[in-house]
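Asks: Quick one, model.cif (mmCIF, C-alpha atoms):
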data_query
loop_
_atom_site.label_atom_id
_atom_site.label_comp_id
_atom_site.auth_asym_id
_atom_site.auth_seq_id
_atom_site.Cartn_x
_atom_site.Cartn_y
_atom_site.Cartn_z
CA MET A 1 1.22 -6.49 -21.10
CA ARG A 2 4.94 -7.11 -21.18
CA ALA A 3 6.28 -9.34 -18.40
CA PHE A 4 9.29 -8.04 -16.47
CA TRP A 5 10.05 -11.44 -14.90
CA LYS A 6 9.62 -14.99 -16.18
CA GLY A 7 10.13 -18.18 -14.23
CA HIS A 8 8.33 -21.00 -12.45
CA LEU A 9 5.84 -21.32 -9.62
CA ARG A 10 6.40 -24.43 -7.50
CA LEU A 11 3.96 -26.16 -5.20
CA SER A 12 5.79 -29.24 -3.90
CA LEU A 13 6.32 -31.38 -7.05
CA VAL A 14 4.03 -29.24 -9.21
CA THR A 15 5.94 -26.73 -11.34
CA ILE A 16 4.37 -24.35 -13.84
CA ALA A 17 5.82 -21.60 -16.01
CA VAL A 18 4.63 -18.13 -14.99
CA GLU A 19 5.15 -14.46 -15.77
CA LEU A 20 5.11 -11.43 -13.49
CA HIS A 21 3.44 -8.15 -14.49
CA THR A 22 3.19 -4.86 -12.63
CA ALA A 23 -0.28 -4.30 -11.16
CA THR A 24 -0.05 -0.55 -10.61
CA GLU A 25 -0.24 2.30 -13.12
CA ALA A 26 2.59 4.76 -12.45
CA SER A 27 1.23 7.38 -14.85
CA ALA A 28 -2.12 7.53 -13.01
CA ARG A 29 -0.66 10.01 -10.53
CA PRO A 30 0.84 13.07 -12.25
CA SER A 31 4.28 14.11 -11.08
CA LEU A 32 5.99 17.48 -11.23
CA HIS A 33 9.59 18.38 -12.10
CA GLN A 34 11.67 21.35 -10.98
CA ILE A 35 12.15 23.79 -13.87
CA ASP A 36 14.38 26.84 -14.32
CA ARG A 37 11.97 29.78 -14.67
CA LYS A 38 14.23 31.71 -17.11
CA THR A 39 15.22 28.95 -19.55
CA GLY A 40 12.31 26.55 -19.05
CA LYS A 41 14.76 23.66 -18.81
CA ARG A 42 14.55 20.89 -16.25
CA ILE A 43 16.90 21.19 -13.27
CA ARG A 44 19.46 18.39 -12.98
CA TYR A 45 21.54 17.48 -9.98
CA GLU A 46 25.29 16.97 -10.05
CA LYS A 47 27.17 14.62 -7.75
CA ILE A 48 29.43 16.73 -5.57
CA VAL A 49 31.58 16.35 -2.45
CA PRO A 50 31.28 19.23 0.06
CA GLY A 51 34.42 21.34 -0.08
CA LYS A 52 35.69 19.55 -3.20
CA GLY A 53 33.05 19.99 -5.86
CA LYS A 54 31.96 17.73 -8.71
CA ILE A 55 33.25 14.15 -8.63
CA ASP A 56 33.70 11.68 -11.49
CA ASP A 57 31.54 8.54 -11.57
CA GLU A 58 34.64 6.31 -11.53
CA ASN A 59 35.51 7.60 -8.05
CA ILE A 60 32.08 6.89 -6.56
CA VAL A 61 31.71 3.82 -4.36
CA LYS A 62 28.95 2.67 -2.03
CA GLY A 63 29.14 2.72 1.74
CA PHE A 64 27.13 1.67 4.77
CA GLU A 65 26.66 4.31 7.48
CA PHE A 66 27.18 2.94 11.01
CA GLY A 67 27.58 6.23 12.84
CA SER A 68 27.32 9.98 12.30
CA GLY A 69 29.48 10.59 9.23
CA LYS A 70 31.17 7.18 9.50
CA HIS A 71 30.88 4.67 6.67
CA VAL A 72 32.14 1.22 5.77
CA ILE A 73 33.24 1.47 2.14
CA LEU A 74 32.11 -1.39 -0.11
CA THR A 75 33.55 -1.94 -3.59
CA PRO A 76 31.49 -3.13 -6.57
CA GLU A 77 33.46 -6.40 -6.52
CA GLU A 78 32.58 -7.04 -2.86
CA LEU A 79 28.91 -6.33 -3.49
CA ASP A 80 28.88 -8.63 -6.53
CA LYS A 81 30.11 -11.51 -4.36
CA ILE A 82 27.05 -11.37 -2.09
CA LYS A 83 24.60 -10.44 -4.84
CA LEU A 84 21.97 -13.11 -5.29
CA GLU A 85 21.44 -14.54 -8.72
CA THR A 86 17.94 -14.01 -10.05
CA ARG A 87 16.25 -17.31 -9.27
CA HIS A 88 13.66 -18.12 -11.85
CA SER A 89 11.40 -19.90 -9.40
CA ILE A 90 8.94 -19.07 -6.64
CA ASP A 91 8.67 -21.90 -4.11
CA LEU A 92 5.51 -21.80 -2.01
CA VAL A 93 6.83 -23.22 1.26
CA GLN A 94 4.04 -22.22 3.66
CA PHE A 95 0.32 -21.43 3.55
CA VAL A 96 -1.50 -19.03 5.85
CA ASP A 97 -4.96 -17.51 6.18
CA TYR A 98 -4.76 -14.34 4.15
CA CYS A 99 -6.38 -12.25 6.88
CA ASP A 100 -3.65 -13.40 9.30
CA ILE A 101 -1.01 -11.36 7.45
CA ASP A 102 -0.60 -7.99 9.17
CA PRO A 103 -1.47 -5.25 6.59
CA ARG A 104 1.75 -3.43 7.47
CA TYR A 105 3.75 -6.16 5.77
CA PHE A 106 2.22 -5.65 2.32
CA GLU A 107 4.46 -3.68 -0.02
CA ARG A 108 3.60 -3.91 -3.75
CA PRO A 109 1.17 -5.98 -5.87
CA TYR A 110 1.96 -7.86 -9.10
CA TYR A 111 -0.11 -10.01 -11.43
CA LEU A 112 1.11 -13.58 -11.78
CA THR A 113 -0.02 -15.23 -15.02
CA PRO A 114 0.58 -18.58 -16.78
CA ALA A 115 3.38 -18.31 -19.34
CA ASP A 116 1.68 -20.50 -21.95
CA ASP A 117 -1.27 -22.81 -22.63
CA VAL A 118 0.60 -25.83 -21.25
CA SER A 119 0.99 -24.12 -17.86
CA ALA A 120 -2.59 -22.84 -17.76
CA GLU A 121 -4.11 -26.06 -16.39
CA GLY A 122 -1.70 -26.33 -13.44
CA TYR A 123 -2.11 -22.59 -12.85
CA VAL A 124 -5.89 -22.93 -12.55
CA VAL A 125 -5.53 -25.92 -10.21
CA ILE A 126 -3.31 -23.89 -7.83
CA ARG A 127 -5.66 -20.91 -8.04
CA GLU A 128 -8.72 -23.01 -7.20
CA ALA A 129 -6.91 -24.86 -4.40
CA LEU A 130 -5.87 -21.59 -2.76
CA LYS A 131 -9.38 -20.21 -3.23
CA SER A 132 -10.99 -23.31 -1.70
CA ALA A 133 -8.62 -23.31 1.27
CA LYS A 134 -8.85 -19.50 1.62
CA LYS A 135 -5.08 -19.41 1.94
CA ALA A 136 -2.14 -17.41 0.63
CA GLY A 137 1.09 -19.15 -0.35
CA ILE A 138 4.27 -17.70 1.18
CA GLY A 139 7.63 -17.92 -0.55
CA GLN A 140 10.67 -15.95 -1.69
CA ILE A 141 11.87 -14.64 -5.03
CA ALA A 142 15.28 -13.20 -5.93
CA MET A 143 15.15 -10.27 -8.34
CA ARG A 144 17.75 -7.64 -9.20
CA GLY A 145 20.19 -9.05 -6.69
CA LYS A 146 17.81 -8.91 -3.72
CA GLU A 147 15.59 -11.50 -2.09
CA ASN A 148 11.92 -10.61 -1.64
CA LEU A 149 9.38 -12.24 0.64
CA VAL A 150 6.10 -12.77 -1.26
CA ALA A 151 2.51 -13.89 -0.77
CA VAL A 152 0.52 -15.47 -3.60
CA ARG A 153 -3.28 -15.55 -3.49
CA PRO A 154 -6.27 -15.78 -5.85
CA CYS A 155 -7.38 -12.59 -7.60
CA GLY A 156 -10.39 -12.88 -9.89
CA ASP A 157 -9.49 -15.38 -12.62
CA GLY A 158 -5.80 -15.20 -11.79
CA LEU A 159 -3.21 -14.99 -9.05
CA LEU A 160 -1.87 -11.92 -7.27
CA LEU A 161 1.71 -11.85 -5.98
CA GLU A 162 2.42 -9.26 -3.29
CA THR A 163 5.89 -8.46 -2.05
CA LEU A 164 6.08 -8.33 1.74
CA ARG A 165 8.33 -6.46 4.13
CA TYR A 166 10.58 -8.46 6.44
CA ALA A 167 9.90 -8.34 10.18
CA ASP A 168 12.90 -6.11 10.95
CA GLU A 169 11.71 -3.48 8.45
CA LEU A 170 8.73 -2.50 10.59
CA LYS A 171 8.95 -0.07 13.48
CA LYS A 172 7.40 -1.08 16.78
CA SER A 173 4.15 0.77 17.42
CA ASP A 174 4.44 0.85 21.24
CA LYS A 175 6.32 4.16 21.41
CA VAL A 176 4.27 5.77 18.64
CA PHE A 177 0.98 5.03 20.43
CA SER A 178 2.33 5.62 23.95
CA HIS A 179 0.56 9.00 24.25
CA VAL A 180 -2.86 7.58 23.27
CA PRO A 181 -5.20 7.64 26.31
CA GLY A 182 -5.86 4.21 27.81
CA LYS A 183 -9.09 5.28 29.51
CA ARG A 184 -12.23 3.88 27.88
CA PRO A 185 -14.62 6.54 26.49
CA ALA A 186 -18.27 6.83 27.49
CA LYS A 187 -20.31 3.76 26.51
CA GLU A 188 -22.96 5.84 24.74
CA MET A 189 -20.39 7.48 22.45
CA VAL A 190 -18.92 4.09 21.49
CA GLU A 191 -22.41 2.75 20.75
CA LEU A 192 -23.23 5.77 18.60
CA ALA A 193 -19.96 5.45 16.70
CA THR A 194 -20.59 1.70 16.22
CA GLU A 195 -24.10 2.42 14.88
CA LEU A 196 -22.66 4.97 12.45
CA ILE A 197 -20.04 2.45 11.23
CA GLU A 198 -22.71 -0.21 10.67
CA ARG A 199 -24.92 2.19 8.70
CA LYS A 200 -22.05 3.13 6.43
CA SER A 201 -20.74 -0.43 5.99
CA GLY A 202 -20.78 -2.15 2.59
CA PRO A 203 -18.58 -3.75 -0.10
CA PHE A 204 -15.37 -1.91 -0.93
CA LYS A 205 -15.78 -0.05 -4.24
CA PRO A 206 -12.49 1.70 -5.10
CA THR A 207 -14.02 3.29 -8.22
CA ALA A 208 -16.25 5.37 -5.94
CA PHE A 209 -13.20 7.27 -4.68
CA LYS A 210 -11.38 9.80 -6.85
CA ASP A 211 -7.99 11.47 -6.56
CA HIS A 212 -9.30 15.04 -6.53
CA TYR A 213 -5.83 16.58 -6.40
CA GLY A 214 -4.62 14.48 -9.34
CA ALA A 215 -7.70 15.39 -11.40
CA ALA A 216 -7.31 19.10 -10.55
CA LEU A 217 -3.62 19.01 -11.45
CA LYS A 218 -4.34 17.41 -14.85
CA ALA A 219 -7.06 20.00 -15.52
CA LEU A 220 -4.68 22.78 -14.52
CA VAL A 221 -1.99 21.49 -16.90
CA ALA A 222 -4.53 21.15 -19.73
CA GLU A 223 -5.77 24.71 -19.19
CA LYS A 224 -2.23 26.11 -19.06
CA ARG A 225 -1.35 24.32 -22.29
CA LYS A 226 -4.45 25.69 -23.99
CA HIS A 227 -4.67 29.27 -22.70
CA GLY A 228 -1.55 29.95 -20.70
CA THR A 229 -3.70 31.26 -17.84
CA VAL A 230 -5.61 29.74 -14.99
CA THR A 231 -8.93 30.74 -13.44
CA ASP A 232 -8.94 31.23 -9.68
CA ALA A 233 -11.17 28.96 -7.64
CA GLU A 234 -12.01 29.83 -4.07
CA GLU A 235 -12.00 26.94 -1.64
CA ASP A 236 -14.62 26.80 1.11
CA GLU A 237 -13.07 26.76 4.54
CA ALA A 238 -14.18 23.95 6.82
CA PRO A 239 -15.75 25.26 10.04
CA ARG A 240 -13.45 25.02 13.03
CA PRO A 241 -14.72 23.05 16.03
CA LYS A 242 -15.65 25.10 19.07
CA GLY A 243 -16.33 24.33 22.69
CA ASP A 244 -15.72 21.23 24.75
CA ASN A 245 -14.52 18.26 22.70
CA VAL A 246 -16.64 15.66 24.55
CA ILE A 247 -19.90 17.62 24.11
CA ASP A 248 -19.11 18.39 20.45
CA LEU A 249 -18.21 14.77 19.76
CA MET A 250 -21.44 13.48 21.31
CA GLU A 251 -23.53 15.98 19.35
CA ALA A 252 -21.66 15.22 16.12
CA LEU A 253 -22.25 11.47 16.59
CA LYS A 254 -25.97 11.97 17.28
CA LYS A 255 -26.38 14.21 14.23
CA SER A 256 -24.46 11.72 12.08
CA ILE A 257 -26.79 8.91 13.15
CA GLY A 258 -30.09 10.67 12.45
CA GLY A 259 -30.30 14.39 13.06
CA LYS A 260 -31.97 16.23 15.92
CA GLY A 261 -34.28 13.44 17.05
CA ALA A 262 -31.51 10.87 17.35
CA GLY A 263 -30.82 9.72 20.87
CA ALA A 264 -29.34 6.45 21.93
CA PRO A 265 -28.68 3.93 19.14
CA LYS A 266 -31.04 1.13 18.27
CA PRO A 267 -30.80 -1.93 20.55
CA ARG A 268 -28.27 -4.53 19.50
CA LYS A 269 -29.45 -7.93 18.27
CA ALA A 270 -28.36 -9.62 21.48
CA ALA A 271 -30.34 -7.12 23.57
CA ALA A 272 -33.42 -7.61 21.37
CA LYS A 273 -33.30 -11.38 21.84
CA LYS A 274 -32.99 -10.96 25.62
CA LYS A 275 -36.07 -8.72 25.64
CA ALA A 276 -38.05 -11.28 23.62
CA ARG A 277 -37.29 -14.03 26.12
CA ARG A 278 -38.71 -11.94 28.93
#
Step by step, read the file and then write its structure as structure tokens.
Replies:
Amino acid sequence: MRAFWKGHLRLSLVTIAVELHTATEASARPSLHQIDRKTGKRIRYEKIVPGKGKIDDENIVKGFEFGSGKHVILTPEELDKIKLETRHSIDLVQFVDYCDIDPRYFERPYYLTPADDVSAEGYVVIREALKSAKKAGIGQIAMRGKENLVAVRPCGDGLLLETLRYADELKKSDKVFSHVPGKRPAKEMVELATELIERKSGPFKPTAFKDHYGAALKALVAEKRKHGTVTDAEEDEAPRPKGDNVIDLMEALKKSIGGKGAGAPKPRKAAAKKKARR
């Protein structure tokens, strides 16, 4: 794998040479382009100004919108002055429990590897120390003129670097969830749902889940390339729920737990212990 960034990972006075590799496969998800039906050529977009038409690249500048239709114009020279130089170092300045990082902050994963055999020993020491402490190292890295917040943690035999969003990039959830009812549901329904969750709990196995749309799209493309026609496949319609939501939900939970004979869930461990004491 070809590294797209090379530099150093620093833990206090310990510095090791590292490389950064993309951890995701862009080609795994097929993408579609817009094509002109008559010519079969891909549609391209021209840069135009409403009421004026096409504009030359030399006349295009960047601007920051601060109001409806109002922009502060910024020249390339002005942007270059504030552009950060790509720092070839990642300084781990803080360590946190990995589970303490809100999942909403995670943005994109990368593999962090030792650059050479000399760096491998220090790399393994940092990996094992993070694994033993069950911590993630927090730092910043400047790439392509921008500064990214990152978390570094153990991943198998190596280290995973994940870019994080800054606090002001996240929307507050209060308004989004404001319409969610605050009233607690019936205890029996919660217990049934909890029992169902426990029965279906287990280790996360991503290979067990498939992108059905992606697979169907690839098969469709393959068939079109081979025959030029596609066979029609009827899709079964999911039954629509009927009746009162509370009754349907209760029945659905009971059936999910164990069919017709399922009533209340099995007693919890705490309740079983209490019964034994009596």
Asks: For the structure provided, state which residues fall under the PyMOL selection byres ((chain A and resi 44) around 10), and present them as a PyMOL selection string.
Replies: chain A and resi 33-36+41-43+45-46
Asks: To one decimal place in Å, what is the distance between CA of Leu20 in chain A and CA of Glu121 in chain A?
Replies: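 These atoms are spaced 17.5 Å apart.
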Asks: Please indicate the distance in Å from CA of Tyr213 in chain A to CA of His227 in chain A, rounded to one decimal place.
Replies: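 Between these atoms lies a distance of 20.7 Å.
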Asks: Find the residues near Tyr111 in chain A: any atom within 12 Å, counting all atoms listed in the file, skip ones fewer than 5 places away on the same chain, and give them as number ranges by chain.
Replies: A: 1-6, 18-24, 151-163
Asks: Just how far from CA of Asp100 in chain A is CA of Lys134 in chain A, in Å to one decimal?
Replies: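 Value for the CA of Lys134 in chain A-CA of Asp100 in chain A distance: 11.1 Å.
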Asks: Which is closest to Ser173 in chain A among A:Glu251, A:Arg104, A:Ile257, A:Glu147, if we use all atoms listed in the file?
Replies: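 Closest residue, counting all atoms listed in the file: A:Arg104.
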Asks: Restricting the calculation to all atoms listed in the file, which member of A:Arg10, A:Lys254, A:His71, A:Lys224 is positioned closest to Gly139 in chain A?
Replies: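 Selected residue with least distance to Gly139 in chain A: A:Arg10.
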Asks: Pull out every residue that the PyMOL selection byres ((chain A and resi 123) around 10) matches in the shown coordinates and put them as number ranges by chain.
Replies: A: 9, 14-18, 112-115, 117-122, 124-129, 158-159
Asks: Could you list the residues chosen by the PyMOL selection byres ((chain A and resi 135) around 7) in this structure as number ranges by chain?
Replies: A: 95-98, 130-131, 133-134, 136-137, 153
Asks: Kindly save the residues from that selection, with C-alpha atoms included, as a PDB file, in the frame of the given file.
Replies:
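In the end it all went to again-v3.pdb:
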ATOM      1  CA  PHE A  95       0.320 -21.430   3.550  1.00  0.00           C
ATOM      2  CA  VAL A  96      -1.500 -19.030   5.850  1.00  0.00           C
ATOM      3  CA  ASP A  97      -4.960 -17.510   6.180  1.00  0.00           C
ATOM      4  CA  TYR A  98      -4.760 -14.340   4.150  1.00  0.00           C
ATOM      5  CA  LEU A 130      -5.870 -21.590  -2.760  1.00  0.00           C
ATOM      6  CA  LYS A 131      -9.380 -20.210  -3.230  1.00  0.00           C
ATOM      7  CA  ALA A 133      -8.620 -23.310   1.270  1.00  0.00           C
ATOM      8  CA  LYS A 134      -8.850 -19.500   1.620  1.00  0.00           C
ATOM      9  CA  ALA A 136      -2.140 -17.410   0.630  1.00  0.00           C
ATOM     10  CA  GLY A 137       1.090 -19.150  -0.350  1.00  0.00           C
ATOM     11  CA  ARG A 153      -3.280 -15.550  -3.490  1.00  0.00           C
TER      12      ARG A 153
END
Asks: Would you mind putting N, CA and C atoms back on range 87-115 of chain A and writing the result as an mmCIF file, in the coordinates of the input?
Replies:
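Done, and the output landed in rebuild_13.cif:
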data_model
loop_
_atom_site.group_PDB
_atom_site.id
_atom_site.type_symbol
_atom_site.label_atom_id
_atom_site.label_comp_id
_atom_site.auth_asym_id
_atom_site.auth_seq_id
_atom_site.Cartn_x
_atom_site.Cartn_y
_atom_site.Cartn_z
ATOM 1 N N ARG A 87 16.782 -15.949 -9.202
ATOM 2 C CA ARG A 87 16.250 -17.310 -9.270
ATOM 3 C C ARG A 87 14.939 -17.275 -10.045
ATOM 4 N N HIS A 88 14.857 -18.111 -11.022
ATOM 5 C CA HIS A 88 13.660 -18.120 -11.850
ATOM 6 C C HIS A 88 12.642 -19.122 -11.310
ATOM 7 N N SER A 89 12.405 -19.033 -10.014
ATOM 8 C CA SER A 89 11.400 -19.900 -9.400
ATOM 9 C C SER A 89 10.869 -19.260 -8.122
ATOM 10 N N ILE A 90 9.589 -19.509 -7.871
ATOM 11 C CA ILE A 90 8.940 -19.070 -6.640
ATOM 12 C C ILE A 90 8.444 -20.323 -5.944
ATOM 13 N N ASP A 91 9.071 -20.695 -4.854
ATOM 14 C CA ASP A 91 8.670 -21.900 -4.110
ATOM 15 C C ASP A 91 7.711 -21.512 -3.000
ATOM 16 N N LEU A 92 6.490 -22.038 -3.067
ATOM 17 C CA LEU A 92 5.510 -21.800 -2.010
ATOM 18 C C LEU A 92 5.774 -22.797 -0.895
ATOM 19 N N VAL A 93 6.371 -22.319 0.192
ATOM 20 C CA VAL A 93 6.830 -23.220 1.260
ATOM 21 C C VAL A 93 5.906 -23.237 2.471
ATOM 22 N N GLN A 94 4.950 -22.272 2.533
ATOM 23 C CA GLN A 94 4.040 -22.220 3.660
ATOM 24 C C GLN A 94 2.720 -21.601 3.201
ATOM 25 N N PHE A 95 1.636 -21.972 3.891
ATOM 26 C CA PHE A 95 0.320 -21.430 3.550
ATOM 27 C C PHE A 95 -0.344 -20.892 4.807
ATOM 28 N N VAL A 96 -0.897 -19.691 4.695
ATOM 29 C CA VAL A 96 -1.500 -19.030 5.850
ATOM 30 C C VAL A 96 -2.852 -18.451 5.456
ATOM 31 N N ASP A 97 -3.720 -18.235 6.441
ATOM 32 C CA ASP A 97 -4.960 -17.510 6.180
ATOM 33 C C ASP A 97 -4.579 -16.097 5.762
ATOM 34 N N TYR A 98 -5.160 -15.643 4.680
ATOM 35 C CA TYR A 98 -4.760 -14.340 4.150
ATOM 36 C C TYR A 98 -4.985 -13.217 5.158
ATOM 37 N N CYS A 99 -6.082 -13.309 5.916
ATOM 38 C CA CYS A 99 -6.380 -12.250 6.880
ATOM 39 C C CYS A 99 -5.430 -12.276 8.074
ATOM 40 N N ASP A 100 -4.602 -13.328 8.196
ATOM 41 C CA ASP A 100 -3.650 -13.400 9.300
ATOM 42 C C ASP A 100 -2.375 -12.596 9.028
ATOM 43 N N ILE A 101 -2.195 -12.146 7.777
ATOM 44 C CA ILE A 101 -1.010 -11.360 7.450
ATOM 45 C C ILE A 101 -1.276 -9.901 7.840
ATOM 46 N N ASP A 102 -0.466 -9.374 8.727
ATOM 47 C CA ASP A 102 -0.600 -7.990 9.170
ATOM 48 C C ASP A 102 -0.505 -7.061 7.952
ATOM 49 N N PRO A 103 -1.481 -6.162 7.747
ATOM 50 C CA PRO A 103 -1.470 -5.250 6.590
ATOM 51 C C PRO A 103 -0.195 -4.440 6.441
ATOM 52 N N ARG A 104 0.518 -4.216 7.547
ATOM 53 C CA ARG A 104 1.750 -3.430 7.470
ATOM 54 C C ARG A 104 2.847 -4.112 6.676
ATOM 55 N N TYR A 105 2.719 -5.431 6.487
ATOM 56 C CA TYR A 105 3.750 -6.160 5.770
ATOM 57 C C TYR A 105 3.617 -6.037 4.251
ATOM 58 N N PHE A 106 2.424 -5.719 3.759
ATOM 59 C CA PHE A 106 2.220 -5.650 2.320
ATOM 60 C C PHE A 106 2.964 -4.466 1.719
ATOM 61 N N GLU A 107 3.628 -4.715 0.588
ATOM 62 C CA GLU A 107 4.460 -3.680 -0.020
ATOM 63 C C GLU A 107 3.969 -3.300 -1.421
ATOM 64 N N ARG A 108 3.986 -4.245 -2.376
ATOM 65 C CA ARG A 108 3.600 -3.910 -3.750
ATOM 66 C C ARG A 108 2.959 -5.113 -4.445
ATOM 67 N N PRO A 109 1.856 -4.879 -5.197
ATOM 68 C CA PRO A 109 1.170 -5.980 -5.870
ATOM 69 C C PRO A 109 1.657 -6.210 -7.309
ATOM 70 N N TYR A 110 1.626 -7.470 -7.727
ATOM 71 C CA TYR A 110 1.960 -7.860 -9.100
ATOM 72 C C TYR A 110 0.970 -8.919 -9.567
ATOM 73 N N TYR A 111 0.713 -8.948 -10.876
ATOM 74 C CA TYR A 111 -0.110 -10.010 -11.430
ATOM 75 C C TYR A 111 0.776 -11.173 -11.848
ATOM 76 N N LEU A 112 0.374 -12.364 -11.432
ATOM 77 C CA LEU A 112 1.110 -13.580 -11.780
ATOM 78 C C LEU A 112 0.250 -14.353 -12.771
ATOM 79 N N THR A 113 0.765 -14.584 -13.972
ATOM 80 C CA THR A 113 -0.020 -15.230 -15.020
ATOM 81 C C THR A 113 0.686 -16.469 -15.555
ATOM 82 N N PRO A 114 -0.073 -17.420 -16.167
ATOM 83 C CA PRO A 114 0.580 -18.580 -16.780
ATOM 84 C C PRO A 114 1.360 -18.136 -18.018
ATOM 85 N N ALA A 115 2.519 -18.733 -18.235
ATOM 86 C CA ALA A 115 3.380 -18.310 -19.340
ATOM 87 C C ALA A 115 2.883 -18.807 -20.691
#
